[in-house]
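Student: Could you have a look at this structure, given as structure tokens, before my questions?
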Amino acid sequence: MDIEIQNITGQPSDNKINITSAECLSVQMPYERLEAFSAAFESAGGHVFTGAPIYYKRLNLKVHIEYLRKWYNSPLKTGDLIQQFKLEDVISRMSKLNEKETQKLNYIHALLSDSQHIAFIDPFLNTVNDNIHLFHKMKAQLLNQGKSLFVAASRLEDALIVQPGVMRLNGQSLELVETADNADDDSSLNISKIKVKAHDKTIFVTIEDIEYLESMDGKVYINLGSQKLVMETTLQGAVDQLAPHGFYRCHRSYIVNLHKVKEIITWSKNTYSVIVDNPEKSRIPLSRAKFNEIQDKLLKL
Amino acid sequence: MNLFKIRATIYRDIREYFTNYAVITILLMPPIMALMYSTPARNIEVNLPEEMLFILLGTVLASVATNIPLMLYAEENEHGLLRMVTHTVPDLISSISGRSILVLLMTAVNTIVSLLIAGQLAVLNWPLIVGLSIAALIFLNLGLIAGLLAKLQSTSTVYGVVILFLLGMTPIIETFFLDQGHPLMQLAKWTPVYQLMAIHNNAGIMPYVIMLIWLALSVFAVYLSVLKRGKTL
């Protein structure tokens, strides 16, 4: 299945997104393009699932699964799906269930769907870790069924939860998310603050308050709780500067403050996340190669 | 049309009937009305007047065959529920077929139960059964048209009540004691329930012809509504 990029971006382009059976594509794209992508994917014959599942509020989960199974004439069994997706309450009306449970209906629906091409739009917004595990289970099953899975995420860290290789949609084509540049910068030790820019101001940020840094579109962003500031350096420069303060480059595009790490989650064989100890429980991608090293560093911290 | 999808829709709608208080109320309304109308007649040992009998039959048609699909589609439109599985016009046609089969079945059951309660089951003869079947299709089509085009449940209630009073309970106009030549009376004589009354009174082929014209027009309007709704799936 091909989707013309100009249908998503609205800019002239001959490029197409080629979606092949039994393959997964994880793409980061701006939030404002998700709707156009969704429409283009559907008009090409794919089935799109958004973060908010559609359901009949008076019916229960079991009836929904049975209905979808009948509608698509799927050979999958309702009982097996209930067990596999750890559905806790299949008797109560959907209106009485929490979001964690209703989200599971989308995963089940994707497995039952007769469409060969499945897309999820921002599947990890407002979700819980248990459901991300279930998403990975669903992904493996979809690929086994020979279906394609396309994940469109507005946040890079969400796209990286799906798989290590992530693409980004720019104005005219899809490009592989590249390694942050490795330019050398002088590191300065024994400092407690760093300088960042916010509009026309220069702010001095206490290093220990930083949760993590990310590189996006050639800029380095510092995440301080609810604040996000731009740092005028490269990611390599930032790691050189911050490594002595317990910072670790856990991914090509991310540096995490090890003091703020709450846990490490293994989503699948190749995908890991570091969970930051903040109210949002931010999920930072962790490269497979860094999985053992970060654990050593955390133990020695 | 896909048989699996038709069966799935029937399965889901049956569950919906049992959990949706509005649908349950609509299903109970004609039998309760039959009881209310027939009890005084029975007490004074007279037959239920013909107008009342056909108001009852019209109410079954307008409430069950029209209002149930109308309400269900309006709710699905308002909450975007159709998009759960319906993404193409053939899908929509399958879902309409499943819903229609169940609604027609419920209309038939409700008609028999209501007539039984009213003690009027004997009025059912083959000509009237044929007439009622055509009328059920007409009222079903009215429900589908209004339901597919309704964007909100609140507006669907207005459509439903208008159809119920104007087309379902048409014989109520007899209680206004208007002249037979009055424009309202002339207009009423073209409505489906009046054709049923004419069939009951052995008025020949004309009532069937009028009802078939109604049916053809309503089928065409359903076709247009499906095309229009199909564009926004």
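Naming works like this for the structure tokens: A, B, ... for the chains as they're shown, residue 1 at the start of each chain, ligands 1 onward in shown order.
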Could you go through region 62-204 of chain A and tell me which residues DSSP, when run on the backbone, assigns to strand (DSSP E or B), listing them as JSON, numbers by chain?

Tutor: {"A": [93, 117, 118, 119, 120, 121, 148, 149, 150, 151, 152, 153, 167, 168, 169, 174, 175, 176, 193, 194, 195, 196, 197, 198, 201, 202, 203, 204]}

Student: Would you give me, as a list in words, the residues of chain B that come within 7 Å of chain A, using only C-alpha atoms?

Tutor: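 That gives Phe4, Lys5, Ala8, Tyr11, Arg12, Glu16, Thr19, Leu81 and Met84 of chain B for chain B.
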
Student: Please indicate the distance in Å from CA of Trp267 (chain A) to CA of His133 (chain A), rounded to one decimal place.

Tutor: 5.6 Å

Student: Using DSSP on the backbone coordinates, identify all residues within region 107-281 of chain A classified as alpha helix (DSSP H); present the result as an NGL selection string.

Tutor: :A and (107-112 or 129-144 or 156-162 or 235-242)

Student: Give me the residues near Thr66 (chain B) as a ChimeraX atom specification, where near means some atom within 9 Å (using only C-alpha atoms) and where sequence neighbours in that chain fewer than 3 positions away do not count.

Tutor: /B:61-63,69-71,103,136,138-144,146-147,160,163-164

Student: Produce a file of the selected residues containing C-alpha atoms, as a CSV table (one decimal), in the first residue's frame.

Tutor:
chain,number,residue,atom,x,y,z
B,61,LEU,CA,-45.4,1.1,13.1
B,62,ALA,CA,-44.2,4.6,13.9
B,63,SER,CA,-42.7,3.8,17.3
B,69,PRO,CA,-33.6,2.7,13.9
B,70,LEU,CA,-34.0,6.5,14.0
B,71,MET,CA,-32.8,6.7,17.7
B,103,VAL,CA,-36.6,-4.0,13.5
B,136,ALA,CA,-43.8,-1.6,8.0
B,138,ILE,CA,-42.4,2.4,4.6
B,139,PHE,CA,-42.1,3.3,8.3
B,140,LEU,CA,-38.8,1.6,8.5
B,141,ASN,CA,-37.5,3.6,5.6
B,142,LEU,CA,-38.7,6.8,7.2
B,143,GLY,CA,-36.7,5.8,10.3
B,144,LEU,CA,-33.6,5.0,8.3
B,146,ALA,CA,-34.2,10.5,9.5
B,147,GLY,CA,-31.7,8.4,11.4
B,160,GLY,CA,-39.6,10.7,15.7
B,163,ILE,CA,-43.6,11.0,12.3
B,164,LEU,CA,-45.5,9.3,15.2

Student: Please provide the set of residues having any atom within 7 Å of Gly51 (chain A), restricted to only C-alpha atoms, with same-chain residues fewer than 6 positions apart removed, written as a list in words.

Tutor: Ile121, Asp122, Pro123 and Leu125 of chain A

Student: Which residue out of B:Met52, B:Ala122, B:Val113, B:Ala150 has the minimum interatomic distance to Ile173 (chain B) when only C-alpha atoms are used?

Tutor: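 Answer, going by the shortest atom-to-atom distance: B:Met52.
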
Student: Contacts of Leu121 (chain B) at 8 Å or less, counting only C-alpha atoms, minus same-chain residues fewer than 5 places along, as a list in words?

Tutor: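 Contacts, in chain order: Ile112, Leu115 and Leu116 of chain B.
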
Student: Could you save those same residues with C-alpha atoms as an mmCIF file, in the first residue's frame?

Tutor:
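And here's out27.cif as it stands now:
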data_model
loop_
_atom_site.group_PDB
_atom_site.id
_atom_site.type_symbol
_atom_site.label_atom_id
_atom_site.label_comp_id
_atom_site.auth_asym_id
_atom_site.auth_seq_id
_atom_site.Cartn_x
_atom_site.Cartn_y
_atom_site.Cartn_z
ATOM 1 C CA ILE B 112 -49.245 -9.398 17.295
ATOM 2 C CA LEU B 115 -53.494 -6.927 18.946
ATOM 3 C CA LEU B 116 -53.604 -9.866 21.321
#

Student: So which one's closest to Ala159 (chain A), A:Ser38, A:Ala238, A:Pro285, A:Phe247? Using only C-alpha atoms, please.

Tutor: A:Pro285

Student: A:Met138, A:Leu156, A:Lys62, A:Thr50: which is nearest Arg15 (chain B), counting only C-alpha atoms?

Tutor: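 When distances to Arg15 (chain B) are compared using only C-alpha atoms, the smallest one comes from A:Lys62.
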
Student: What gap, in Å, lies between CA of Ser192 (chain A) and CA of Glu280 (chain A)?

Tutor: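 About the pair CA of Ser192 (chain A) and CA of Glu280 (chain A): they are 25.3 Å apart.
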
Student: Fewer than 5 positions away in the same chain doesn't count, so skip those; otherwise give me all residues within 10 Å of Gln116 (chain A), counting only C-alpha atoms, as a list in words.

Tutor: Met1, Thr20, Ser21, Ala22, Gly45, Gly46, His47, Ala110, Leu142, Gln145, Gly146, Lys147, Ser148 and Leu149 of chain A

Student: Put those residues in a file: N, CA and C atoms, as a compact mmCIF listing (two decimals), in the first residue's frame.

Tutor:
# COMPACT_ATOMS: atom_id res chain seq x y z
N MET A 1 0.85 -1.19 0.00
CA MET A 1 0.00 0.00 0.00
C MET A 1 0.89 1.25 0.00
N THR A 20 4.46 -2.20 3.56
CA THR A 20 4.45 -3.59 3.10
C THR A 20 3.93 -4.52 4.19
N SER A 21 3.33 -5.62 3.76
CA SER A 21 2.73 -6.58 4.69
C SER A 21 3.79 -7.14 5.64
N ALA A 22 3.37 -7.48 6.83
CA ALA A 22 4.21 -8.09 7.86
C ALA A 22 5.38 -7.21 8.27
N GLY A 45 -7.21 2.42 2.11
CA GLY A 45 -7.77 1.10 2.45
C GLY A 45 -7.29 0.54 3.77
N GLY A 46 -6.54 1.34 4.54
CA GLY A 46 -6.06 0.86 5.85
C GLY A 46 -7.07 1.14 6.95
N HIS A 47 -6.80 0.58 8.12
CA HIS A 47 -7.69 0.76 9.28
C HIS A 47 -6.92 1.57 10.32
N ALA A 110 -7.76 -4.35 16.37
CA ALA A 110 -6.73 -4.41 15.31
C ALA A 110 -6.44 -5.85 14.91
N LEU A 142 0.12 -9.14 15.03
CA LEU A 142 -0.27 -8.55 13.74
C LEU A 142 0.72 -8.93 12.66
N GLN A 145 0.32 -12.35 11.61
CA GLN A 145 -0.85 -12.51 10.72
C GLN A 145 -0.55 -12.01 9.30
N GLY A 146 0.63 -11.42 9.13
CA GLY A 146 1.00 -10.88 7.81
C GLY A 146 0.47 -9.49 7.58
N LYS A 147 -0.02 -8.84 8.65
CA LYS A 147 -0.52 -7.47 8.50
C LYS A 147 0.63 -6.48 8.73
N SER A 148 0.45 -5.28 8.21
CA SER A 148 1.45 -4.25 8.48
C SER A 148 0.97 -3.38 9.64
N LEU A 149 1.91 -2.83 10.36
CA LEU A 149 1.56 -1.92 11.47
C LEU A 149 2.31 -0.62 11.26

Student: Got a sec: who's within 10 Å of Asp130 (chain A), counting only C-alpha atoms, leaving out chain neighbours fewer than 5 positions off, as a list of chain:residue names?

Tutor: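 Near Asp130 (chain A), the qualifying residues are A:Phe85, A:Lys86, A:Lys100, A:Phe135, A:Trp267.
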
Student: Go ahead and save the residues from that selection, with N, CA and C atoms, as a PDB file, in the first residue's frame.

Tutor:
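Heads up, here's the output in again_21.pdb:
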ATOM      1  N   PHE A  85      -5.345 -10.498  26.661  1.00  0.00           N
ATOM      2  CA  PHE A  85      -5.243  -9.065  26.937  1.00  0.00           C
ATOM      3  C   PHE A  85      -5.608  -8.728  28.384  1.00  0.00           C
ATOM      4  N   LYS A  86      -5.635  -9.762  29.201  1.00  0.00           N
ATOM      5  CA  LYS A  86      -5.825  -9.595  30.650  1.00  0.00           C
ATOM      6  C   LYS A  86      -6.999  -8.673  30.954  1.00  0.00           C
ATOM      7  N   LYS A 100      -7.765   2.569  30.864  1.00  0.00           N
ATOM      8  CA  LYS A 100      -6.780   1.488  30.710  1.00  0.00           C
ATOM      9  C   LYS A 100      -7.457   0.252  30.084  1.00  0.00           C
ATOM     10  N   PHE A 135       0.477  -3.744  23.823  1.00  0.00           N
ATOM     11  CA  PHE A 135       0.627  -3.211  22.464  1.00  0.00           C
ATOM     12  C   PHE A 135       1.714  -4.000  21.723  1.00  0.00           C
ATOM     13  N   TRP A 267      10.064  -3.402  26.752  1.00  0.00           N
ATOM     14  CA  TRP A 267       8.792  -3.553  26.040  1.00  0.00           C
ATOM     15  C   TRP A 267       8.812  -4.817  25.183  1.00  0.00           C
TER      16      TRP A 267
END

Student: How far is it from CA of Val177 (chain A) to CA of Thr9 (chain A), in Å with one decimal?

Tutor: 18.1 Å

Student: I'd like to know which of A:Val205, A:Ile17, A:Leu81, A:Leu213 is closest to Ile191 (chain A), using only C-alpha atoms.

Tutor: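 Using only C-alpha atoms, Ile191 (chain A) sits closest to A:Val205.
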